[in-house]
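The block underneath contains the structure these notes are about, expressed in structure tokens.
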Number of protein chains: 2
Amino acid sequence: VEQNDLTGIRLWLAEHHPHEIADELARMDSSQAIVPFRLLDKDRELEVFEELDPPHQQEILLGLRDSAFHELIAEMDPDDRARLLGEVPAKVATRALAGLSPQARKMTAALLGYPEGSVGRYMTPETVVLHRDLSVGRALEVVRAQGHDSETIYTLPVVDDGRRLAGTVQLSDLVLLDPETSIKDTVDVLVPRVSAVSDAEEAARLMQDANLLALPVVDSEERFVGLLTIDDAVELIEAADTEDIARQSGASPLAGHYVAASVWAMARARSVWLLLLIVAATLTINVLQVFEATLEQVTALALFIPMLTGTGGNVGSQSATAVVRALAVGEVRVRDLPKVTWRESRVGLLLGCVLAVIALTVGTLLVQDLEIAAAVALSVIAICTWAAVIGGAMPLLARRVNVDPAVVSAPLVATLVDATGLLIYFTIARAILGI
Amino acid sequence: VEQNDLTGIRLWLAEHHPHEIADELARMDSSQAIVPFRLLDKDRELEVFEELDPPHQQEILLGLRDSAFHELIAEMDPDDRARLLGEVPAKVATRALAGLSPQARKMTAALLGYPEGSVGRYMTPETVVLHRDLSVGRALEVVRAQGHDSETIYTLPVVDDGRRLAGTVQLSDLVLLDPETSIKDTVDVLVPRVSAVSDAEEAARLMQDANLLALPVVDSEERFVGLLTIDDAVELIEAADTEDIARQSGASPLAGHYVAASVWAMARARSVWLLLLIVAATLTINVLQVFEATLEQVTALALFIPMLTGTGGNVGSQSATAVVRALAVGEVRVRDLPKVTWRESRVGLLLGCVLAVIALTVGTLLVQDLEIAAAVALSVIAICTWAAVIGGAMPLLARRVNVDPAVVSAPLVATLVDATGLLIYFTIARAILGI
């Protein structure tokens with residue numbers, strides 16, 4: 001691309017799948033990415049475009065001529081289009097909506113009416129809807145007549161006279177069953193359903209748990225409004241995991257690609273928590289000032305500070321990470337708080353006892369002072385137990401007050417455990433050394 | 001369950017989906033879980049059983065009578081069965097295989113022949129295979145005749161005379177297209193394919209990127225051997241993410257459910273890294289011993305140790321976490337090492353400068369010594385830059401030597417940065433204080 005080798009680019013494009021092309025485009029500068037994109041065939045253009053994230057889609061759009069711009073928007077799946085228009089500046093969105101057919105504009109506006117992050121923003125409204133009084137054979141004819149515009153025809157919603165959702169049937173059943181069978185008798189009425197305003201990530205995890213290819217979405221009166229499809233659910237879960245992982249390390253989630261993000265954006269995403277944490281870390285200075293006289297008497301006590309705070313932080317982070325993940329995948333609920341605390345306290349105590357043996361050995365060898373070594377070892381046990389309890393309980397407490405549990409990041413737990421751990425250490429040391 | 005209220009259990013079972021029942025069973029002791037399981041209808045029994053993880057499946061199996069045991073095994077999907085038998089003790093596996101029909105036994109043995117973690121262990125061999133010379137109408141008849149035993153009929157592999165994979169067709173195409181159309185003209189020949197011995201997680205991420213419901217699997221001679229379906233891919237991705245998240249916090253991945261795991265198992269999963277890290281942390285003691293004379297002269301320097309090691313650890317963990325995730329989802333490759341290092345060094349420098357302002361203020365206010373505060377502030381800048389570079393580079397270096405990058409956990413980076421950070425801090429402090 002840099003050498004403007006158009007033949008070379010054309011060759012490369014012809015040999016790769018849309019998702020591979022999209023991946024390469026996402027790694028380029030916006031000014032560069034538009035060149036290979038313009039060289040794509042009309043039909044592959046759309047495929048590649050739909051594989052890009054909204055920020056990259058926006059960059060491509062702004063580089064296109066008016067006719068190409070409107071054509072691309074018009075051909076997108078309605079849910080993808082609504083999601084893109086929800087993120088671009090209002091001016092671009094208005095221009096895009098103006099180029100749509102009245103029907104497509106209405107559909108897009110309806111999807112944009114659902115809150116951000118809700119199922120409504122991710123579902124597809126373009127489906128074949130079957131009436132429950134049809135026979136399997138008739139239903140298959142309906143699918144044949146109307147199925148061309150649908151994003152999926154594998155899961156088909158079945159409704160009653162008031163468009164209320166009765167359940168779903170699978171296309172495989174329509175194909176494999178006797179055409180005379182009634183839809184009433186094959187519809188899966190127990191299939192889970194979600195409201196269009198409910199949380200999209202939860203809906204996606206439900207699809208995963210229940211092994212669904214598509215999840216029917218209903219309005220407040222149980223009327224069918226759309227399907228959440230598995231490809232969107234998989235994207236939702238990946239995005240949620242990436243977000244949780246970033247949060248766990250004390251960073252805000254980064255919108256877009258690691259390689260394409262600016263250094264400023266990366267620093268900004270990480271700075272908020274770092275600033276809070278360094279302020280919180282002044283607590284450790286306060287604690288140490290209280291014990292400054294002790295430190296002046298026995299400087300050797302300072303040698304073990306990094307090891308103790310490090311170990312406490314590690315144990316606390318492990319507990320927090322395990323509980324945040326267990327919450328995310330639904331293995332633990334808020335009401336498990338006493339169980340989790342009791343569990344983590346025993347795990348922490350066990351780990352503390354094992355690590356104390358090492359601490360005692362190292363302490364004795366390096367400072368040749370049994371009293372100091374004993375103080376360090378006892379502190380390891382106390383700090384590990386305390387850190388595991390804090391790390392296990394905090395995500396559940398966060399969820400209880402409706403804060404994202406992933407905010408209880410490893411660095412947050414580590415910083416909290418640092419200050420309290422030092423308090424524990426010097427209290428024990430003073431008692432043993434008799435100062 | 002505890003009160004042995006059978007009617008209550010029956011009522012609860014009737015009202016819940018198989019995946020919800022499986023979730024509750026996974027939270028119980030094995031001796032308890034068997035009671036509600038036995039109360040399930042025959043056909044729901046299988047549905048619930050297939051939702052359980054292999055360790056829980058094994059517990060349930062061992063509680064069943066012989067006939068129920070064999071029936072359940074025989075009715076499982078072949079890929080799920082192979083995965084279960086790959087994990088149970090050899091005695092149980094032999095007993096299970098003995099109860100199977102010769103054909104099912106052969107199929108299971110073939111799947112078990114693929115290495116653990118390979119696509120072969122997760123694919124389904126039971127599919128309808130279409131020949132490329134068929135017409136769409138004939139193909140639909142083949143699907144109708146043979147489709148009842150297949151795990152999926154939505155993606156259909158198309159082969160040539162030598163059973164070599166030509167591509168796939170979608171059932172939706174068979175239903176929607178003119179029956180006279182030739183399969184040759186509709187088959188998607190560009191569809192990605194993977195070898196049965198390739199890595200299952202990579203194949204699952206490929207399916208996600210390319211939005212596939214099923215991925216065709218071939219042997220070394222390009223012959224079709226099975227399909228990897230999206231439900232298995234989603235499970236694979238979730239398991240891989242859970243594993244990465246655990247590794248990132250320095251714990252081994254825990255097999256099974258958070259609530260059901262024993263305290264011993266949890267402590268064991270976390271102890272390996274903690275032990276290594278506490279040994280590595282003795283490095284910090286060595287470093288501090290080198291500077292013990294300095295510490296005795298200016299005890300106030302000790303006050304800032306936890307804040308500096310904490311901040312360095314936080315910055316390093318953020319970089320490591322971001323790069324490990326970017327590697328996992330394919331945004332970064334090994335050859336990006338120089339780019340990543342350069343990027344992270346600038347992010348670290350930026351963050352360091354911002355945090356240094358806070359450190360300078362806090363230092364001046366709390367110890368009233370401008371020289372010490374300046375030493376702390378300069379150290380923050382140097383440590384942040386260094387930590388970001390280490391955190392960003394190490395996962396890529398790990399991948400280059402074929403070690404799972406997730407092993408470069410936040411605690412590992414933090415511990416490494418602790419020792420080097422102290423070295424930086426005391427060197428700067430000695431230069432500024434002139435001691």
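Ligands are numbered from 1 in the order shown, chains are lettered A, B, ... in the order of the structure tokens, and residues start at 1 in each chain.
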
Worksheet item: So which residues touch segment 77-92 of chain A within 9 Å, counting only C-alpha atoms, skipping near sequence neighbours fewer than 4 positions away, as a PyMOL selection string?
Response: chain A and resi 50+53-55+57-58+62+73+96-97+104+107-112+116+120-126+151

Item to complete: Quick one: pick out all helix (DSSP H, G or I) residues within segment 202-269 of chain B from a backbone DSSP run and write them as a ChimeraX atom specification.
Response: /B:202-209,230-248,263-269

Item to complete: Just need the residues of chain B within 6 Å of chain A, counting only C-alpha atoms, so spit them out as a PyMOL selection string.
Response: chain B and resi 19+144+176+210-211+231+249+263+267+281+285+288+303+307+314+318+347+411

Fill in: Residues near Val169 of chain A, cut-off 8 Å, only C-alpha atoms, skip fewer than 2 positions along chain, as a PyMOL selection string
chain A and resi 155-158+167+171+173-174+183+186-188

Could you take the residues named above and write them with all heavy atoms, as an mmCIF file, in the first residue's frame?
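Dumped to selection22.cif:
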```
data_model
loop_
_atom_site.group_PDB
_atom_site.id
_atom_site.type_symbol
_atom_site.label_atom_id
_atom_site.label_comp_id
_atom_site.auth_asym_id
_atom_site.auth_seq_id
_atom_site.Cartn_x
_atom_site.Cartn_y
_atom_site.Cartn_z
ATOM 1 N N THR A 155 -33.631 -20.157 12.617
ATOM 2 C CA THR A 155 -34.555 -20.126 13.738
ATOM 3 C C THR A 155 -35.708 -19.220 13.343
ATOM 4 O O THR A 155 -35.489 -18.070 12.973
ATOM 5 C CB THR A 155 -33.883 -19.571 14.992
ATOM 6 O OG1 THR A 155 -32.762 -20.390 15.305
ATOM 7 C CG2 THR A 155 -34.839 -19.561 16.174
ATOM 8 N N LEU A 156 -36.923 -19.763 13.389
ATOM 9 C CA LEU A 156 -38.076 -18.993 12.916
ATOM 10 C C LEU A 156 -39.041 -18.741 14.064
ATOM 11 O O LEU A 156 -39.515 -19.695 14.704
ATOM 12 C CB LEU A 156 -38.768 -19.773 11.800
ATOM 13 C CG LEU A 156 -37.863 -20.012 10.576
ATOM 14 C CD1 LEU A 156 -38.303 -21.255 9.820
ATOM 15 C CD2 LEU A 156 -37.871 -18.793 9.670
ATOM 16 N N PRO A 157 -39.351 -17.483 14.335
ATOM 17 C CA PRO A 157 -40.293 -17.174 15.414
ATOM 18 C C PRO A 157 -41.713 -17.567 15.015
ATOM 19 O O PRO A 157 -42.099 -17.421 13.851
ATOM 20 C CB PRO A 157 -40.170 -15.654 15.557
ATOM 21 C CG PRO A 157 -39.660 -15.187 14.235
ATOM 22 C CD PRO A 157 -38.799 -16.281 13.694
ATOM 23 N N VAL A 158 -42.463 -18.083 15.973
ATOM 24 C CA VAL A 158 -43.859 -18.468 15.751
ATOM 25 C C VAL A 158 -44.728 -17.590 16.638
ATOM 26 O O VAL A 158 -44.437 -17.436 17.831
ATOM 27 C CB VAL A 158 -44.086 -19.953 16.109
ATOM 28 C CG1 VAL A 158 -45.554 -20.328 15.948
ATOM 29 C CG2 VAL A 158 -43.201 -20.844 15.248
ATOM 30 N N GLY A 167 -43.208 -19.215 20.428
ATOM 31 C CA GLY A 167 -41.968 -19.980 20.561
ATOM 32 C C GLY A 167 -41.225 -19.915 19.243
ATOM 33 O O GLY A 167 -41.426 -18.995 18.449
ATOM 34 N N LEU A 171 -35.472 -24.410 11.141
ATOM 35 C CA LEU A 171 -35.621 -24.740 9.720
ATOM 36 C C LEU A 171 -35.376 -26.233 9.504
ATOM 37 O O LEU A 171 -36.011 -26.860 8.655
ATOM 38 C CB LEU A 171 -34.654 -23.918 8.866
ATOM 39 C CG LEU A 171 -34.764 -24.169 7.361
ATOM 40 C CD1 LEU A 171 -36.111 -23.720 6.831
ATOM 41 C CD2 LEU A 171 -33.649 -23.481 6.588
ATOM 42 N N ASP A 173 -36.306 -28.643 11.321
ATOM 43 C CA ASP A 173 -37.563 -29.365 11.545
ATOM 44 C C ASP A 173 -38.484 -29.220 10.341
ATOM 45 O O ASP A 173 -39.111 -30.183 9.916
ATOM 46 C CB ASP A 173 -38.255 -28.821 12.801
ATOM 47 C CG ASP A 173 -37.508 -29.213 14.060
ATOM 48 O OD1 ASP A 173 -36.804 -30.240 14.022
ATOM 49 O OD2 ASP A 173 -37.601 -28.498 15.064
ATOM 50 N N LEU A 174 -38.558 -28.006 9.779
ATOM 51 C CA LEU A 174 -39.423 -27.803 8.618
ATOM 52 C C LEU A 174 -38.973 -28.689 7.458
ATOM 53 O O LEU A 174 -39.791 -29.195 6.696
ATOM 54 C CB LEU A 174 -39.404 -26.335 8.172
ATOM 55 C CG LEU A 174 -39.912 -25.289 9.170
ATOM 56 C CD1 LEU A 174 -40.072 -23.949 8.479
ATOM 57 C CD2 LEU A 174 -41.230 -25.716 9.791
ATOM 58 N N ILE A 183 -47.513 -26.737 12.838
ATOM 59 C CA ILE A 183 -46.480 -25.961 13.524
ATOM 60 C C ILE A 183 -46.736 -25.970 15.036
ATOM 61 O O ILE A 183 -45.809 -26.059 15.840
ATOM 62 C CB ILE A 183 -46.479 -24.499 12.995
ATOM 63 C CG1 ILE A 183 -45.931 -24.458 11.572
ATOM 64 C CG2 ILE A 183 -45.675 -23.579 13.893
ATOM 65 C CD1 ILE A 183 -44.455 -24.657 11.468
ATOM 66 N N THR A 186 -44.870 -28.617 16.788
ATOM 67 C CA THR A 186 -43.412 -28.688 16.769
ATOM 68 C C THR A 186 -42.762 -27.481 17.433
ATOM 69 O O THR A 186 -41.583 -27.508 17.740
ATOM 70 C CB THR A 186 -42.875 -28.734 15.317
ATOM 71 O OG1 THR A 186 -43.634 -27.823 14.538
ATOM 72 C CG2 THR A 186 -42.943 -30.114 14.748
ATOM 73 N N VAL A 187 -43.551 -26.419 17.641
ATOM 74 C CA VAL A 187 -42.955 -25.194 18.180
ATOM 75 C C VAL A 187 -42.378 -25.450 19.575
ATOM 76 O O VAL A 187 -42.988 -26.137 20.387
ATOM 77 C CB VAL A 187 -43.988 -24.043 18.190
ATOM 78 C CG1 VAL A 187 -45.210 -24.413 18.997
ATOM 79 C CG2 VAL A 187 -43.365 -22.766 18.718
ATOM 80 N N ASP A 188 -41.181 -24.937 19.816
ATOM 81 C CA ASP A 188 -40.536 -25.063 21.125
ATOM 82 C C ASP A 188 -41.005 -23.897 21.985
ATOM 83 O O ASP A 188 -40.508 -22.787 21.875
ATOM 84 C CB ASP A 188 -39.012 -25.028 20.937
ATOM 85 C CG ASP A 188 -38.277 -25.101 22.266
ATOM 86 O OD1 ASP A 188 -38.949 -25.292 23.307
ATOM 87 O OD2 ASP A 188 -37.043 -24.966 22.265
#
```

Worksheet item: Got a sec: who's within 10 Å of Arg10 of chain A, counting only C-alpha atoms, leaving out chain neighbours fewer than 2 positions off, as JSON, numbers by chain?
Response: {"A": [5, 6, 7, 8, 12, 13, 14, 15, 36, 39, 40, 41]}

I need the chosen residues saved as a compact mmCIF listing (two decimals), in the first residue's frame, with C-alpha atoms.
```txt
# COMPACT_ATOMS: atom_id res chain seq x y z
CA ASP A 5 1.30 -0.84 -5.96
CA LEU A 6 -2.30 -1.18 -7.19
CA THR A 7 -1.77 -4.47 -9.04
CA GLY A 8 -0.15 -5.97 -5.97
CA TRP A 12 -3.68 -9.68 -2.43
CA LEU A 13 -7.37 -8.74 -2.09
CA ALA A 14 -8.46 -11.49 -4.47
CA GLU A 15 -6.60 -14.12 -2.48
CA PRO A 36 -7.45 -0.98 -0.94
CA LEU A 39 -10.28 -1.49 -5.16
CA LEU A 40 -12.69 -4.14 -3.85
CA ASP A 41 -15.56 -5.54 -5.98
```
